[in-house]
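Notes to accompany the following structure.
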Amino acid sequence: MRLHVVALGCQMSVADGGELAQPLIARGMRPVAEPKDADVIIINTCTVRQHAEDKALSLIGRLKTWKDENPARILIVAGCAAERLGGRLSKRFPHVDLVVGAKVIDDYPRLVEEALAARFDLIVQRRGNFAAPGVPFGWTSPVCAQVTVMRGCNFSCSYCIVPAVRGRESYRAPEAVLAEVRAKTEAGAREIMLLGQTVNSWRRRDAAGRKRRFADLLRDVAAVPGVLRVRFESPHPHFVDDALISAMAEVPQVCGHLHLPLQSGSDRLLGLMRRNGSTASFFEKARRLRSALPEIELSTDIIIGFPSETDDDFQRTLEAVERLRPAWAYTFKYSPREGTEAAGRPDDVPPEVKEERLARLNALCDGLNEKAMRSRVGRVVKILDETGGYGRARDGFRVKWGTPAAPGREFRVRVTGASKRTLLGECHER
Ligand code: SF4
């Protein structure tokens, strides 16, 4: 039995794709790179932007031919778009065998067993060859492992569909997180990426009843033998507090990069977006981070063209980006998502104005990124070799260097140049 997983959207979706695969891998399925070679396809969908949802729907539509070629094949659609569209998905695409919404992912192993056991057994009988269980799945880097620590979001940003499709926050027990980190490190992982929609809101009591917060979890994960680096995505500025800043400054394994979504430089728009923070509170956190960690690099998210955005609002965003100096930025043109509060407002910034603002913002962000990259030429940076000759510096910049390579090891590379988004270097010391 051969399994193919497609994860669309963010890193959480990719991590969830891996989790969705696990019960099937435990049943002995072997991951394959090409959909045409698969007996089972799992699509983990994303709905944060209309474009991501359209991409998922188009892929599901195209897979009808794959299914028609052999009706015993199994198509599972999971994730945020599955949650949002629910029954509409099964109605529009009757060739889908199982729809699993993002809110019930914890229940997925049971659902998939119940819904498909009979069908799997039938196929297995027909084929008569069931691979040995425990085949590792091969679509994550063995050196960098992702570990989900929380799901859902308790905020209600007016443009965002996530709280509706993923539900309220739930936090994994610290013991479960640490057990997964240990298992992944024993399997060769050296960098652990902790994942969650608002990852640093994580809090939970441990088995001994002690209150643990995200800063404690960071310290505990870093202390697991074999862990060279710890990163986390996506932090929310609201939970960037002194405890977290101290942990980042004191624990050498925690990497010096933080993604801090600003969204807009206009306080009026931040209010309409219900961002739960002002530009003043945002910049105060950025200041505290930079004073405790002088080498830290920040990246950010910006939305342009939110309903009622004026030239003045946009100008404030440009000024805020210049002030923040992000190493890189993810920039988005606002588009309404059905089911969100903002979708009730007129989408009144004309498309050509959105285009023009996005182009100006991107030019600014590209310039800042280029400057940050150029400033590294001539420096020696510590990299973790992820795939043999390719990895990242501790501040998140991607680096490519010549041989020799040693996946899983950290060593120093002298930066000799920069191509678009990637630093080029040569081995300095091993
Ligand atoms: S914090 Fe806001 S943007 Fe982020 S997932 Fe929650 S609601 Fe969406």
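So you can find residues: chains in the structure tokens are A, B, ... in the order shown, residues in each start at 1, and ligands are numbered from 1 in order.
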Just the residues within 10 Å of range 261-265 of chain A, please, counting only C-alpha atoms, with nothing from its chain fewer than 4 positions along; format it as a tab-separated table (two decimals) with C-alpha atoms, in the first residue's frame.
chain	number	residue	atom	x	y	z
A	234	SER	CA	3.98	31.39	14.90
A	235	PRO	CA	4.43	33.55	17.96
A	236	HIS	CA	1.84	36.18	18.82
A	237	PRO	CA	3.24	39.56	19.94
A	269	LEU	CA	-6.62	49.66	11.10
A	270	LEU	CA	-5.16	47.50	13.88
A	273	MET	CA	-8.51	44.21	12.48
A	275	ARG	CA	-5.32	42.79	16.56
A	277	GLY	CA	-2.36	45.45	20.41
A	278	SER	CA	-1.17	48.82	19.16
A	279	THR	CA	1.89	49.85	17.17
A	280	ALA	CA	3.30	51.29	20.44
A	282	PHE	CA	4.43	46.13	19.25
A	283	PHE	CA	7.48	48.36	19.03
A	298	LEU	CA	12.82	39.88	13.23
A	299	SER	CA	10.50	39.04	10.38
A	300	THR	CA	6.89	40.08	10.00
A	301	ASP	CA	3.53	39.82	8.19
A	302	ILE	CA	1.81	42.80	6.61
A	303	ILE	CA	-1.67	43.03	5.08
A	304	ILE	CA	-2.38	45.86	2.68
A	305	GLY	CA	-5.73	46.94	1.31
A	306	PHE	CA	-7.78	46.14	4.41
A	309	GLU	CA	-7.29	51.66	4.22
A	313	ASP	CA	-2.83	54.39	6.75
A	314	PHE	CA	-0.62	52.87	4.09
A	315	GLN	CA	2.05	55.51	4.62
A	316	ARG	CA	2.10	54.60	8.32
A	317	THR	CA	2.61	50.97	7.37
A	318	LEU	CA	5.60	51.87	5.20
A	319	GLU	CA	7.05	53.94	8.04
A	320	ALA	CA	6.49	51.11	10.54
A	321	VAL	CA	8.25	48.63	8.25
A	324	LEU	CA	11.11	47.61	12.30
A	329	ALA	CA	8.38	39.99	5.44
A	330	TYR	CA	5.36	38.09	4.20
A	331	THR	CA	3.11	40.60	2.49
A	332	PHE	CA	-0.51	39.99	1.57
Backbone-only DSSP, strand (DSSP E) members of range 351-384 of chain A, as a VMD selection string: chain A and resid 380 to 384
Could you list, as an mmCIF file with C-alpha atoms, in the first residue's frame, all the residues within 12 Å of ligand 1, counting only C-alpha atoms and all ligand atoms?
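Below is the file that was written, selection.cif:
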data_model
loop_
_atom_site.group_PDB
_atom_site.id
_atom_site.type_symbol
_atom_site.label_atom_id
_atom_site.label_comp_id
_atom_site.auth_asym_id
_atom_site.auth_seq_id
_atom_site.Cartn_x
_atom_site.Cartn_y
_atom_site.Cartn_z
ATOM 1 C CA CYS A 10 1.415 26.913 6.483
ATOM 2 C CA MET A 12 1.139 23.726 10.823
ATOM 3 C CA THR A 47 -8.414 28.068 3.874
ATOM 4 C CA VAL A 48 -6.639 31.116 5.274
ATOM 5 C CA ARG A 49 -6.708 32.736 1.850
ATOM 6 C CA CYS A 80 -9.005 23.911 7.509
ATOM 7 C CA MET A 150 -0.884 23.721 20.631
ATOM 8 C CA ARG A 151 -3.746 24.101 18.194
ATOM 9 C CA GLY A 152 -6.460 26.688 17.634
ATOM 10 C CA CYS A 153 -6.632 30.379 18.486
ATOM 11 C CA ASN A 154 -8.462 32.358 21.189
ATOM 12 C CA PHE A 155 -8.089 35.679 19.368
ATOM 13 C CA SER A 156 -10.606 36.939 16.860
ATOM 14 C CA CYS A 157 -8.777 39.006 14.278
ATOM 15 C CA SER A 158 -11.544 40.298 12.073
ATOM 16 C CA TYR A 159 -9.999 39.106 8.775
ATOM 17 C CA CYS A 160 -9.015 35.630 9.927
ATOM 18 C CA ILE A 161 -10.864 32.354 9.426
ATOM 19 C CA VAL A 162 -8.556 30.340 11.703
ATOM 20 C CA PRO A 163 -10.569 30.549 14.960
ATOM 21 C CA ALA A 164 -13.679 29.390 13.060
ATOM 22 C CA VAL A 165 -11.999 26.399 11.440
ATOM 23 C CA ARG A 166 -9.523 25.384 14.128
ATOM 24 C CA GLY A 167 -11.501 26.268 17.239
ATOM 25 C CA ARG A 168 -10.247 27.511 20.582
ATOM 26 C CA GLU A 169 -6.759 26.880 21.853
ATOM 27 C CA GLY A 196 1.186 26.303 17.089
ATOM 28 C CA GLN A 197 -1.216 28.883 15.716
ATOM 29 C CA THR A 198 -0.193 31.222 18.545
ATOM 30 C CA VAL A 199 2.591 28.984 19.758
ATOM 31 C CA ASN A 200 3.789 31.141 22.650
ATOM 32 C CA SER A 201 0.359 31.218 24.293
ATOM 33 C CA GLU A 233 6.266 29.397 14.855
ATOM 34 C CA SER A 234 3.980 31.390 14.895
ATOM 35 C CA PRO A 235 4.430 33.547 17.960
ATOM 36 C CA HIS A 236 1.837 36.185 18.817
ATOM 37 C CA PRO A 237 3.243 39.560 19.943
ATOM 38 C CA HIS A 238 0.788 39.589 22.876
ATOM 39 C CA PHE A 239 2.642 36.672 24.518
ATOM 40 C CA LEU A 260 6.489 39.040 14.886
ATOM 41 C CA PRO A 261 3.379 39.796 12.805
ATOM 42 C CA LEU A 262 2.643 43.533 12.674
ATOM 43 C CA GLN A 263 -0.083 43.471 9.964
ATOM 44 C CA LEU A 270 -5.157 47.498 13.879
ATOM 45 C CA MET A 273 -8.512 44.213 12.483
ATOM 46 C CA ARG A 274 -9.033 43.489 16.231
ATOM 47 C CA ARG A 275 -5.324 42.793 16.562
ATOM 48 C CA ASN A 276 -5.329 43.099 20.322
ATOM 49 C CA GLY A 277 -2.362 45.454 20.414
ATOM 50 C CA ASP A 301 3.530 39.820 8.193
ATOM 51 C CA ILE A 302 1.811 42.802 6.607
ATOM 52 C CA ILE A 303 -1.670 43.028 5.083
ATOM 53 C CA ARG A 337 -12.888 35.357 3.710
ATOM 54 C CA THR A 340 -15.111 36.479 9.034
ATOM 55 C CA GLU A 341 -16.178 39.768 10.582
ATOM 56 C CA ALA A 342 -14.210 41.832 8.046
#
Shell of 6 Å around range 1-6 of chain A, only C-alpha atoms, local chain residues under 4 positions omitted, as a PyMOL selection string: chain A and resi 29-32+35+38-43
Writing out the chosen residues with C-alpha atoms as a compact mmCIF listing (two decimals), in the first residue's frame:
# COMPACT_ATOMS: atom_id res chain seq x y z
CA MET A 29 1.81 2.00 4.17
CA ARG A 30 4.85 3.27 2.32
CA PRO A 31 5.13 6.97 1.40
CA VAL A 32 5.56 7.72 -2.30
CA PRO A 35 0.30 10.81 -6.59
CA ALA A 38 -0.35 6.04 -4.56
CA ASP A 39 -3.23 3.86 -3.34
CA VAL A 40 -4.18 6.47 -0.75
CA ILE A 41 -3.87 10.24 -1.03
CA ILE A 42 -4.31 12.60 1.90
CA ILE A 43 -4.76 16.27 1.10
Between CA of Gly378 in chain A and CA of Gly391 in chain A, distance in Å (one decimal): 17.8 Å
